[in-house]
Every structure is written in C-alpha cells, then in structure tokens.
Amino acid sequence: MKIVKTLIITYLLMTCLLVFSVNSFADVFAETKQKAEQGSALAQAQMGAMYQLGRNGVEKDAQLSAEWMLKAANQGLVEAEVFMAALYDRGLGVKHNVKTATQWYEKAAAQKHGTALAILGRNDVAKGGIAFDYKTMRLRASKQIPVEYSKRFLKQKL
C-alpha cells in the first residue's frame with residue numbers, strides 16, 4: 001500500500017512538472033516572439049534558433065528558422081549573418097546558393113567575425129601559407145554553425 005501511494009504521489013508530481021514546463025516553454029516562446037515582432041534582432045535570432053533546434057515547445061522548421069534569422073541578419077547581427085551563410089551553403093530552409101552564402105560571409109567578415117574570415121581564407125592561418133582545404137572546412141562549418149549558433153543565441157538574455 002505504501003508503494004502504491006508513493007507511485008501515485010510521484011506520478012502527480014511529474015504531471016505537475018510537465019504542465020509547468022509546457023507552460024514555461026509557451027511563455028518563453030510568446031515573450032520572444034513579441035520582442036521579435038517589435039524588431040529585436042536578438043529575439044529574431046532566438047526565434048530562428050528555436051525553430052532550428054525544435055526548442056521551447058516549437059517543432060523543428062528549417063524554413064521558419066531561416067525566415068526569422070534573415071530578419072536578424074538584415075539588421076546586422078553578425079552571428080545571424082554567418083548563420084544565414086551556412087543555411088545558403090547547405091540549402092537548409094532556403095534554396096542552396098553558394099554566391100548568396102559568400103555574400104553573407106563577406107558581410108560578417110567586414111565586421112571582423114573570426115569564423116567568416118576563416119571560411120573566406122582571410123585569417124592569420126591562411127596568411128601563414130599552410131596548405132588548407134577551405135572548401136571542405138566551409139562545408140563542415142556550414143553543418144555545425146546552425147546548431148552551435150542556435151545554442152549560443154538561446155543562452156543570451158533578451
């Protein structure tokens with residue numbers, strides 16, 4: 001009998017925590033979306049990140065991720081510019097377009113963004129004459145950037 005009571009109490013507590021978590025996710029999403037719609041570049045990037053990763057109660061959606069991230073990138077948020085470049089390199093949520101990807105990397109490199117400079121072969125390692133396959137590095141980076149940058153965006157406070 002004691003075990004049954006413990007199981008019931010545990011079940012009820014877990015149910016309460018689940019309801020609380022779902023409501024918290026909904027609150028975070030609603031607050032972020034409101035700020036994004038008001039023009040906050042970071043909130044727009046966070047919306048893109050949520051859709052990229054499927055976080056805060058949001059289903060993964062590459063197209064919505066790209067749409068929100070583009071808004072942040074168009075405001076000059078450098079990490080969003082690199083993110084958009086990676087999406088265009090991969091054709092993730094946008095049509096694959098190496099030229100457009102390069103343009104986004106160029107915008108970020110103009111702001112001295114290290115990853116963009118490296119991808120374009122303009123960092124100090126490139127100047128040192130080390131043989132390096134930038135095409136392969138760019139493709140690898142374009143696979144990692146959306147996930148890693150999404151995590152970074154979501155850790156930032158609005």
# chains A, B, ... in the order shown; residues from 1 in each chain; ligands from 1
$ residues_around --residues "stretch 73-77 of chain A" --least-positions-apart "6" --cutoff "12 Å" --atoms "only C-alpha atoms" --output "ChimeraX atom specification"
/A:36,39-46,48,66-67,83-85,103-105,107-111,113,153
$ closest_atom_pairs --of "stretch 57-123 of chain A" --to "stretch 136-151 of chain A" --cutoff "9 Å" --atoms "only C-alpha atoms" --output "JSON lines"
{"residue": "A:Glu79", "atom": "CA", "partner": "A:Tyr149", "partner_atom": "CA", "distance": 7.2}
{"residue": "A:Ala80", "atom": "CA", "partner": "A:Tyr149", "partner_atom": "CA", "distance": 8.3}
{"residue": "A:Val82", "atom": "CA", "partner": "A:Ile145", "partner_atom": "CA", "distance": 7.8}
{"residue": "A:Phe83", "atom": "CA", "partner": "A:Pro146", "partner_atom": "CA", "distance": 5.7}
{"residue": "A:Met84", "atom": "CA", "partner": "A:Pro146", "partner_atom": "CA", "distance": 8.4}
{"residue": "A:Ala85", "atom": "CA", "partner": "A:Ser142", "partner_atom": "CA", "distance": 7.7}
{"residue": "A:Ala86", "atom": "CA", "partner": "A:Ser142", "partner_atom": "CA", "distance": 4.3}
{"residue": "A:Leu87", "atom": "CA", "partner": "A:Ser142", "partner_atom": "CA", "distance": 7.0}
{"residue": "A:Tyr88", "atom": "CA", "partner": "A:Ser142", "partner_atom": "CA", "distance": 8.7}
{"residue": "A:Asp89", "atom": "CA", "partner": "A:Ser142", "partner_atom": "CA", "distance": 6.4}
{"residue": "A:Arg90", "atom": "CA", "partner": "A:Ser142", "partner_atom": "CA", "distance": 6.6}
{"residue": "A:Thr115", "atom": "CA", "partner": "A:Ala141", "partner_atom": "CA", "distance": 8.7}
{"residue": "A:Ala118", "atom": "CA", "partner": "A:Arg138", "partner_atom": "CA", "distance": 8.7}
{"residue": "A:Ile119", "atom": "CA", "partner": "A:Arg138", "partner_atom": "CA", "distance": 5.5}
{"residue": "A:Leu120", "atom": "CA", "partner": "A:Arg138", "partner_atom": "CA", "distance": 8.3}
$ write_last_selection --atoms "N, CA and C atoms" --output "JSON list (two decimals), in the first residue's frame"
[["chain", "number", "residue", "atom", "x", "y", "z"],
["A", 79, "GLU", "N", 26.39, 37.31, -36.01],
["A", 79, "GLU", "CA", 26.24, 35.86, -35.90],
["A", 79, "GLU", "C", 25.08, 35.36, -36.77],
["A", 80, "ALA", "N", 24.05, 36.17, -36.92],
["A", 80, "ALA", "CA", 22.93, 35.81, -37.79],
["A", 80, "ALA", "C", 23.37, 35.83, -39.26],
["A", 82, "VAL", "N", 26.37, 35.03, -40.35],
["A", 82, "VAL", "CA", 27.12, 33.78, -40.53],
["A", 82, "VAL", "C", 26.16, 32.60, -40.59],
["A", 83, "PHE", "N", 25.15, 32.63, -39.74],
["A", 83, "PHE", "CA", 24.11, 31.60, -39.72],
["A", 83, "PHE", "C", 23.44, 31.50, -41.09],
["A", 84, "MET", "N", 23.06, 32.66, -41.65],
["A", 84, "MET", "CA", 22.41, 32.67, -42.96],
["A", 84, "MET", "C", 23.35, 32.15, -44.04],
["A", 85, "ALA", "N", 24.61, 32.50, -43.95],
["A", 85, "ALA", "CA", 25.59, 31.98, -44.92],
["A", 85, "ALA", "C", 25.61, 30.46, -44.89],
["A", 86, "ALA", "N", 25.63, 29.90, -43.68],
["A", 86, "ALA", "CA", 25.65, 28.44, -43.54],
["A", 86, "ALA", "C", 24.37, 27.82, -44.11],
["A", 87, "LEU", "N", 23.22, 28.47, -43.88],
["A", 87, "LEU", "CA", 21.97, 27.94, -44.43],
["A", 87, "LEU", "C", 22.00, 27.93, -45.94],
["A", 88, "TYR", "N", 22.51, 28.99, -46.55],
["A", 88, "TYR", "CA", 22.61, 29.03, -48.01],
["A", 88, "TYR", "C", 23.64, 28.02, -48.52],
["A", 89, "ASP", "N", 24.72, 27.83, -47.80],
["A", 89, "ASP", "CA", 25.71, 26.82, -48.20],
["A", 89, "ASP", "C", 25.10, 25.42, -48.23],
["A", 90, "ARG", "N", 24.19, 25.16, -47.30],
["A", 90, "ARG", "CA", 23.58, 23.83, -47.19],
["A", 90, "ARG", "C", 22.24, 23.71, -47.90],
["A", 115, "THR", "N", 35.07, 33.46, -37.62],
["A", 115, "THR", "CA", 34.66, 32.30, -38.40],
["A", 115, "THR", "C", 34.49, 32.66, -39.87],
["A", 118, "ALA", "N", 37.83, 33.07, -41.46],
["A", 118, "ALA", "CA", 38.47, 31.76, -41.69],
["A", 118, "ALA", "C", 37.86, 31.05, -42.88],
["A", 119, "ILE", "N", 36.54, 31.07, -42.96],
["A", 119, "ILE", "CA", 35.86, 30.40, -44.07],
["A", 119, "ILE", "C", 36.26, 31.02, -45.41],
["A", 120, "LEU", "N", 36.46, 32.32, -45.41],
["A", 120, "LEU", "CA", 36.86, 33.01, -46.64],
["A", 120, "LEU", "C", 38.37, 32.96, -46.87]]
$ residues_around --residues "stretch 28-30 of chain A" --least-positions-apart "3" --cutoff "12 Å" --atoms "only C-alpha atoms" --output "VMD selection string"
chain A and resid 21 to 25 33 to 37 43 to 44 46 to 51 54 to 59 154 157 to 158
$ write_last_selection --atoms "N, CA and C atoms" --output "PDB file, in the first residue's frame"
ATOM      1  N   SER A  21       6.338  22.889 -17.135  1.00  0.00           N
ATOM      2  CA  SER A  21       7.355  23.019 -18.184  1.00  0.00           C
ATOM      3  C   SER A  21       6.744  23.459 -19.502  1.00  0.00           C
ATOM      4  N   VAL A  22       5.618  22.849 -19.874  1.00  0.00           N
ATOM      5  CA  VAL A  22       4.952  23.210 -21.124  1.00  0.00           C
ATOM      6  C   VAL A  22       4.512  24.666 -21.076  1.00  0.00           C
ATOM      7  N   ASN A  23       3.949  25.092 -19.947  1.00  0.00           N
ATOM      8  CA  ASN A  23       3.531  26.492 -19.806  1.00  0.00           C
ATOM      9  C   ASN A  23       4.730  27.428 -19.847  1.00  0.00           C
ATOM     10  N   SER A  24       5.840  27.035 -19.240  1.00  0.00           N
ATOM     11  CA  SER A  24       7.047  27.863 -19.263  1.00  0.00           C
ATOM     12  C   SER A  24       7.566  28.014 -20.684  1.00  0.00           C
ATOM     13  N   PHE A  25       7.573  26.911 -21.446  1.00  0.00           N
ATOM     14  CA  PHE A  25       8.005  26.978 -22.837  1.00  0.00           C
ATOM     15  C   PHE A  25       7.116  27.922 -23.635  1.00  0.00           C
ATOM     16  N   LYS A  33       8.692  35.905 -29.183  1.00  0.00           N
ATOM     17  CA  LYS A  33       8.023  36.254 -30.439  1.00  0.00           C
ATOM     18  C   LYS A  33       7.554  37.708 -30.421  1.00  0.00           C
ATOM     19  N   GLN A  34       7.020  38.138 -29.289  1.00  0.00           N
ATOM     20  CA  GLN A  34       6.564  39.531 -29.186  1.00  0.00           C
ATOM     21  C   GLN A  34       7.729  40.500 -29.404  1.00  0.00           C
ATOM     22  N   LYS A  35       8.856  40.224 -28.760  1.00  0.00           N
ATOM     23  CA  LYS A  35      10.024  41.091 -28.916  1.00  0.00           C
ATOM     24  C   LYS A  35      10.579  41.026 -30.335  1.00  0.00           C
ATOM     25  N   ALA A  36      10.527  39.840 -30.932  1.00  0.00           N
ATOM     26  CA  ALA A  36      10.999  39.685 -32.312  1.00  0.00           C
ATOM     27  C   ALA A  36      10.127  40.496 -33.267  1.00  0.00           C
ATOM     28  N   GLU A  37       8.825  40.436 -33.069  1.00  0.00           N
ATOM     29  CA  GLU A  37       7.910  41.195 -33.924  1.00  0.00           C
ATOM     30  C   GLU A  37       8.062  42.702 -33.734  1.00  0.00           C
ATOM     31  N   ALA A  43      16.013  38.752 -30.440  1.00  0.00           N
ATOM     32  CA  ALA A  43      14.788  37.948 -30.325  1.00  0.00           C
ATOM     33  C   ALA A  43      14.483  37.250 -31.657  1.00  0.00           C
ATOM     34  N   GLN A  44      14.706  37.940 -32.757  1.00  0.00           N
ATOM     35  CA  GLN A  44      14.501  37.316 -34.074  1.00  0.00           C
ATOM     36  C   GLN A  44      15.452  36.128 -34.250  1.00  0.00           C
ATOM     37  N   GLN A  46      16.739  34.397 -31.834  1.00  0.00           N
ATOM     38  CA  GLN A  46      16.292  33.350 -30.918  1.00  0.00           C
ATOM     39  C   GLN A  46      15.094  32.584 -31.482  1.00  0.00           C
ATOM     40  N   MET A  47      14.203  33.293 -32.169  1.00  0.00           N
ATOM     41  CA  MET A  47      13.087  32.602 -32.824  1.00  0.00           C
ATOM     42  C   MET A  47      13.636  31.640 -33.882  1.00  0.00           C
ATOM     43  N   GLY A  48      14.581  32.117 -34.675  1.00  0.00           N
ATOM     44  CA  GLY A  48      15.205  31.250 -35.666  1.00  0.00           C
ATOM     45  C   GLY A  48      15.873  30.050 -35.021  1.00  0.00           C
ATOM     46  N   ALA A  49      16.517  30.283 -33.892  1.00  0.00           N
ATOM     47  CA  ALA A  49      17.198  29.202 -33.170  1.00  0.00           C
ATOM     48  C   ALA A  49      16.199  28.182 -32.629  1.00  0.00           C
ATOM     49  N   MET A  50      15.081  28.664 -32.087  1.00  0.00           N
ATOM     50  CA  MET A  50      14.064  27.741 -31.572  1.00  0.00           C
ATOM     51  C   MET A  50      13.545  26.827 -32.681  1.00  0.00           C
ATOM     52  N   TYR A  51      13.277  27.419 -33.844  1.00  0.00           N
ATOM     53  CA  TYR A  51      12.798  26.610 -34.964  1.00  0.00           C
ATOM     54  C   TYR A  51      13.900  25.704 -35.512  1.00  0.00           C
ATOM     55  N   GLY A  54      14.162  23.025 -32.589  1.00  0.00           N
ATOM     56  CA  GLY A  54      12.935  22.446 -32.061  1.00  0.00           C
ATOM     57  C   GLY A  54      12.891  22.585 -30.547  1.00  0.00           C
ATOM     58  N   ARG A  55      13.137  23.784 -30.063  1.00  0.00           N
ATOM     59  CA  ARG A  55      13.187  24.047 -28.613  1.00  0.00           C
ATOM     60  C   ARG A  55      12.000  24.882 -28.151  1.00  0.00           C
ATOM     61  N   ASN A  56      11.803  24.891 -26.837  1.00  0.00           N
ATOM     62  CA  ASN A  56      10.757  25.684 -26.180  1.00  0.00           C
ATOM     63  C   ASN A  56       9.370  25.368 -26.722  1.00  0.00           C
ATOM     64  N   GLY A  57       9.123  24.085 -26.938  1.00  0.00           N
ATOM     65  CA  GLY A  57       7.812  23.644 -27.379  1.00  0.00           C
ATOM     66  C   GLY A  57       7.536  23.871 -28.847  1.00  0.00           C
ATOM     67  N   VAL A  58       8.555  24.223 -29.625  1.00  0.00           N
ATOM     68  CA  VAL A  58       8.394  24.515 -31.052  1.00  0.00           C
ATOM     69  C   VAL A  58       8.902  23.326 -31.865  1.00  0.00           C
ATOM     70  N   GLU A  59       8.167  22.959 -32.882  1.00  0.00           N
ATOM     71  CA  GLU A  59       8.613  21.904 -33.795  1.00  0.00           C
ATOM     72  C   GLU A  59       9.744  22.445 -34.667  1.00  0.00           C
ATOM     73  N   LEU A 154      20.229  31.112 -27.849  1.00  0.00           N
ATOM     74  CA  LEU A 154      19.243  30.789 -26.819  1.00  0.00           C
ATOM     75  C   LEU A 154      19.780  30.989 -25.393  1.00  0.00           C
ATOM     76  N   LYS A 157      20.413  36.574 -22.873  1.00  0.00           N
ATOM     77  CA  LYS A 157      19.234  37.228 -22.270  1.00  0.00           C
ATOM     78  C   LYS A 157      18.739  38.332 -23.183  1.00  0.00           C
ATOM     79  N   LEU A 158      17.429  38.412 -23.293  1.00  0.00           N
ATOM     80  CA  LEU A 158      16.823  39.499 -24.069  1.00  0.00           C
ATOM     81  C   LEU A 158      16.826  40.796 -23.269  1.00  0.00           C
TER      82      LEU A 158
END
$ atom_distance --atom1 "atom CA of A:Leu53" --atom2 "atom CA of A:His96"
19.9 Å
$ closest_residue --among "A:Gly121, A:Glu81, A:Trp68, A:Ala62" --to "A:Lys95" --atoms "only C-alpha atoms"
A:Ala62
$ atom_distance --atom1 "atom CA of A:Lys60" --atom2 "atom CA of A:Ala101"
22.0 Å
$ atom_distance --atom1 "atom CA of A:Val78" --atom2 "atom CA of A:Lys99"
18.0 Å
